[in-house]
>>> print(open('final-v4.cif').read())   # mmCIF, C-alpha atoms and all ligand atoms
data_target
loop_
_atom_site.label_atom_id
_atom_site.label_comp_id
_atom_site.auth_asym_id
_atom_site.auth_seq_id
_atom_site.Cartn_x
_atom_site.Cartn_y
_atom_site.Cartn_z
CA MET A 1 86.10 56.27 127.49
CA THR A 2 82.35 56.86 127.69
CA LYS A 3 83.01 60.47 128.61
CA THR A 4 85.12 60.92 125.49
CA LEU A 5 82.43 59.28 123.40
CA VAL A 6 79.81 61.65 124.80
CA TRP A 7 81.98 64.63 123.97
CA ILE A 8 82.52 63.36 120.46
CA LEU A 9 78.79 62.88 120.05
CA VAL A 10 78.07 66.37 121.38
CA PHE A 11 80.66 67.78 119.02
CA LEU A 12 79.19 65.95 116.05
CA ALA A 13 75.65 66.95 116.97
CA THR A 14 76.68 70.61 117.21
CA PHE A 15 78.43 70.37 113.92
CA ALA A 16 75.42 68.76 112.27
CA ALA A 17 73.12 71.41 113.75
CA LEU A 18 75.32 74.22 112.50
CA PHE A 19 75.55 72.64 109.10
CA PHE A 20 71.79 72.26 108.99
CA LEU A 21 71.27 75.87 110.09
CA GLN A 22 73.70 77.17 107.54
CA HIS A 23 71.94 75.16 104.90
CA LEU A 24 68.60 76.64 105.93
CA THR A 25 69.89 80.21 105.79
CA LYS A 26 71.49 79.54 102.48
CA ASP A 27 68.22 78.22 101.09
CA ASP A 28 66.45 81.33 102.36
CA GLY A 29 68.95 83.54 100.67
CA THR A 30 68.60 81.75 97.39
CA SER A 31 64.84 81.81 97.33
CA SER A 32 64.62 85.50 98.22
CA THR A 33 67.10 86.26 95.46
CA VAL A 34 64.97 84.30 93.08
CA SER A 35 61.75 86.04 94.04
CA GLY A 36 63.53 89.39 94.02
CA TYR A 37 64.63 88.59 90.55
CA MET A 38 61.10 87.78 89.50
CA GLU A 39 59.57 90.90 91.04
CA GLY A 40 62.16 93.36 89.90
CA SER A 41 63.24 91.52 86.80
CA ASP A 42 63.58 94.79 84.94
CA SER A 43 66.15 96.30 87.25
CA VAL A 44 67.82 93.14 88.50
CA GLY A 45 67.98 91.48 85.12
CA VAL A 46 69.87 94.31 83.52
CA ALA A 47 72.15 95.13 86.44
CA GLY A 48 75.50 96.11 85.07
CA ALA A 49 74.32 96.79 81.55
CA GLY A 50 75.40 100.07 80.00
CA GLY A 51 73.28 102.57 78.08
CA SER A 52 73.91 101.01 74.70
CA GLU A 53 72.79 97.58 75.94
CA LEU A 54 69.81 99.03 77.78
CA VAL A 55 68.32 100.74 74.73
CA SER A 56 68.38 97.32 73.10
CA GLN A 57 67.04 95.44 76.14
CA PHE A 58 64.25 97.98 76.74
CA GLY A 59 63.15 97.70 73.12
CA CYS A 60 63.93 101.32 72.19
CA LEU A 61 65.72 100.18 69.06
CA ASN A 62 62.66 98.29 67.83
CA CYS A 63 60.97 101.61 67.18
CA HIS A 64 63.85 104.07 66.93
CA GLY A 65 66.07 101.87 64.77
CA ASN A 66 69.24 99.90 65.49
CA ASP A 67 71.38 102.89 64.62
CA LEU A 68 69.05 105.33 66.48
CA ALA A 69 68.41 106.99 63.13
CA GLY A 70 64.64 106.62 63.37
CA THR A 71 62.11 104.41 61.58
CA PRO A 72 58.67 105.04 60.11
CA ALA A 73 57.38 104.41 63.64
CA ALA A 74 59.61 106.75 65.66
CA PRO A 75 61.94 109.74 65.33
CA PRO A 76 65.74 109.52 65.43
CA LEU A 77 67.42 109.63 68.83
CA THR A 78 70.48 111.55 67.72
CA GLY A 79 71.27 115.15 68.58
CA LEU A 80 69.02 115.02 71.64
CA SER A 81 71.42 117.19 73.61
CA LYS A 82 69.94 120.10 71.64
CA TYR A 83 66.67 119.57 73.46
CA TYR A 84 67.42 117.87 76.78
CA ASP A 85 69.82 117.83 79.67
CA ARG A 86 70.21 114.61 81.65
CA GLU A 87 67.36 115.35 84.07
CA GLY A 88 65.09 116.53 81.32
CA LEU A 89 65.60 113.42 79.26
CA ILE A 90 64.99 111.14 82.23
CA THR A 91 61.83 113.08 83.01
CA TYR A 92 60.68 112.69 79.42
CA LEU A 93 61.35 108.94 79.40
CA ARG A 94 59.41 108.47 82.62
CA ASN A 95 56.36 110.28 81.29
CA PRO A 96 56.63 111.22 77.61
CA ASP A 97 53.05 112.41 77.20
CA LYS A 98 53.42 115.11 79.84
CA ASN A 99 56.91 116.22 78.85
CA LYS A 100 56.76 117.01 75.17
CA THR A 101 59.06 119.95 74.68
CA GLY A 102 58.99 121.89 71.47
CA ALA A 103 57.10 122.16 68.22
CA ARG A 104 58.74 119.05 66.71
CA PHE A 105 56.23 116.98 68.65
CA ASP A 106 53.47 118.44 66.47
CA ASP A 107 55.25 117.03 63.42
CA TYR A 108 55.83 113.71 65.18
CA LYS A 109 52.07 113.34 65.63
CA THR A 110 51.54 113.08 61.87
CA LYS A 111 54.92 111.71 60.83
CA TYR A 112 54.98 108.85 63.32
CA ALA A 113 51.25 108.43 63.68
CA SER A 114 51.64 104.65 63.91
CA GLY A 115 54.05 104.75 66.84
CA ILE A 116 53.47 105.39 70.52
CA MET A 117 56.33 106.32 72.80
CA PRO A 118 55.84 104.17 75.93
CA ALA A 119 56.34 105.59 79.42
CA TYR A 120 59.29 104.12 81.29
CA GLY A 121 58.30 105.34 84.75
CA ASN A 122 58.51 101.78 86.07
CA LYS A 123 62.20 101.44 85.24
CA ASP A 124 65.14 101.82 87.58
CA LEU A 125 66.24 105.46 87.65
CA LYS A 126 69.84 104.34 87.38
CA ASP A 127 69.09 102.56 84.13
CA LEU A 128 67.26 105.58 82.75
CA GLY A 129 70.26 107.69 83.75
CA LYS A 130 72.57 105.39 81.81
CA ILE A 131 70.27 105.59 78.80
CA ALA A 132 70.19 109.39 79.08
CA ASP A 133 73.99 109.59 79.26
CA TYR A 134 74.30 107.30 76.29
CA LEU A 135 71.72 109.11 74.13
CA LEU A 136 73.01 112.57 74.97
CA SER A 137 76.40 111.51 73.67
CA LYS A 138 74.91 110.62 70.28
C1 LIG B 1 56.67 101.44 70.48
C2 LIG B 1 57.63 102.33 69.85
C3 LIG B 1 58.63 103.04 70.73
C4 LIG B 1 59.47 102.52 71.68
C5 LIG B 1 59.58 101.07 72.13
C6 LIG B 1 60.27 103.61 72.17
N1 LIG B 1 59.90 104.77 71.57
FE1 LIG B 1 60.73 106.59 71.89
N2 LIG B 1 59.35 107.43 70.66
C7 LIG B 1 58.40 106.75 69.93
C8 LIG B 1 57.56 107.69 69.24
C9 LIG B 1 56.38 107.36 68.34
C10 LIG B 1 58.04 108.97 69.59
C11 LIG B 1 57.46 110.32 69.16
C12 LIG B 1 56.72 110.81 70.40
C13 LIG B 1 55.53 111.66 70.15
O1 LIG B 1 55.14 111.89 69.01
O2 LIG B 1 54.95 112.08 71.17
C14 LIG B 1 59.18 108.77 70.47
C15 LIG B 1 59.92 109.79 71.02
C16 LIG B 1 61.05 109.61 71.76
C17 LIG B 1 61.90 110.67 72.25
C18 LIG B 1 61.70 112.16 72.02
C19 LIG B 1 62.48 112.58 70.82
C20 LIG B 1 62.55 114.08 70.72
O3 LIG B 1 62.73 114.59 69.60
O4 LIG B 1 62.48 114.76 71.76
C21 LIG B 1 62.90 110.09 72.96
C22 LIG B 1 64.04 110.80 73.67
C23 LIG B 1 62.68 108.67 72.92
N3 LIG B 1 61.56 108.40 72.20
C24 LIG B 1 63.49 107.74 73.54
C25 LIG B 1 63.16 106.40 73.67
C26 LIG B 1 63.89 105.48 74.50
C27 LIG B 1 65.15 105.81 75.28
C28 LIG B 1 63.24 104.29 74.41
C29 LIG B 1 63.55 103.03 75.18
C30 LIG B 1 63.75 103.17 76.61
C31 LIG B 1 62.12 104.47 73.50
N4 LIG B 1 62.10 105.75 73.08
C32 LIG B 1 61.24 103.47 73.15
C33 LIG B 1 58.27 105.37 69.85
C34 LIG B 1 58.91 104.48 70.68
#
>>> encode(input="final-v4.cif", output="structure tokens")
Amino acid sequence: MTKTLVWILVFLATFAALFFLQHLTKDDGTSSTVSGYMEGSDSVGVAGAGGSELVSQFGCLNCHGNDLAGTPAAPPLTGLSKYYDREGLITYLRNPDKNKTGARFDDYKTKYASGIMPAYGNKDLKDLGKIADYLLSK
């Protein structure tokens, strides 16, 4: 009888320990996900979004217009395939100041004097790729 009781106790203790351990690991997982989310909120927060959602989430539409047709602050984002391939557009988005291609940028300087095209070098390349695919189809 006492032997059985001991075994039951050992069993329960093991079970409790395992449960506790699992709980600990689970907590760890959750907190690292949370901090990962905070650090990389740009990339993690938009995981799964497509190009059309990303241009909205990244604020592109605020300057370039909801229909991409341009505003007094920024040029239209249609017909870009005339000027860029996928790589070229990603390169531009990551560092617009250093990748102005063509004479239209001279006009932009006066026409959209109030707007500044931000650099998106801190964004996930995959997201920029989705944006490039989306814009090049417009
Ligand atoms: C704060 C306003 C603003 C925001 C936000 C903005 N842009 Fe721009 N964008 C501009 C301006 C102004 C220009 C003109 C650039 C110049 O004169 O150098 C421009 C130029 C561009 C061009 C070059 C157009 C051409 O004819 O080659 C592309 C492509 C572009 N933006 C895409 C984007 C994308 C994609 C986003 C979001 C990820 C974005 N922009 C966000 C203001 C903005």
>>> closest_residue(input="final-v4.cif", among="A:Thr2, A:Ile116, A:Asp107, A:Leu18", to="ligand LIG 1 (chain B)", atoms="all atoms listed in the file")
A:Ile116
>>> closest_residue(input="final-v4.cif", among="A:Lys109, A:Lys138, A:His64, A:Arg94", to="Lys123 of chain A", atoms="only C-alpha atoms")
A:Arg94
>>> residues_near_ligand(input="final-v4.cif", ligand="ligand LIG 1 (chain B)", cutoff="9 Å", atoms="all atoms listed in the file", output="PyMOL selection string")
chain A and resi 54-64+72-80+83-84+89-90+92-93+96-97+99-102+104-120+123+128+131-132+135
>>> atom_distance(input="final-v4.cif", atom1="atom CA of Gly51 of chain A", atom2="atom CA of Tyr134 of chain A")
5.2 Å
>>> atom_distance(input="final-v4.cif", atom1="atom CA of Lys98 of chain A", atom2="atom CA of Gly48 of chain A")
29.6 Å
>>> atom_distance(input="final-v4.cif", atom1="atom CA of Asp127 of chain A", atom2="atom CA of Ala103 of chain A")
27.9 Å
>>> closest_residue(input="final-v4.cif", among="A:Gln22, A:Val10, A:Lys130, A:Asp124", to="Glu53 of chain A", atoms="all atoms listed in the file")
A:Lys130
>>> closest_residue(input="final-v4.cif", among="A:Thr71, A:Asn95, A:Ser52, A:Thr4", to="Asp133 of chain A", atoms="only C-alpha atoms")
A:Ser52
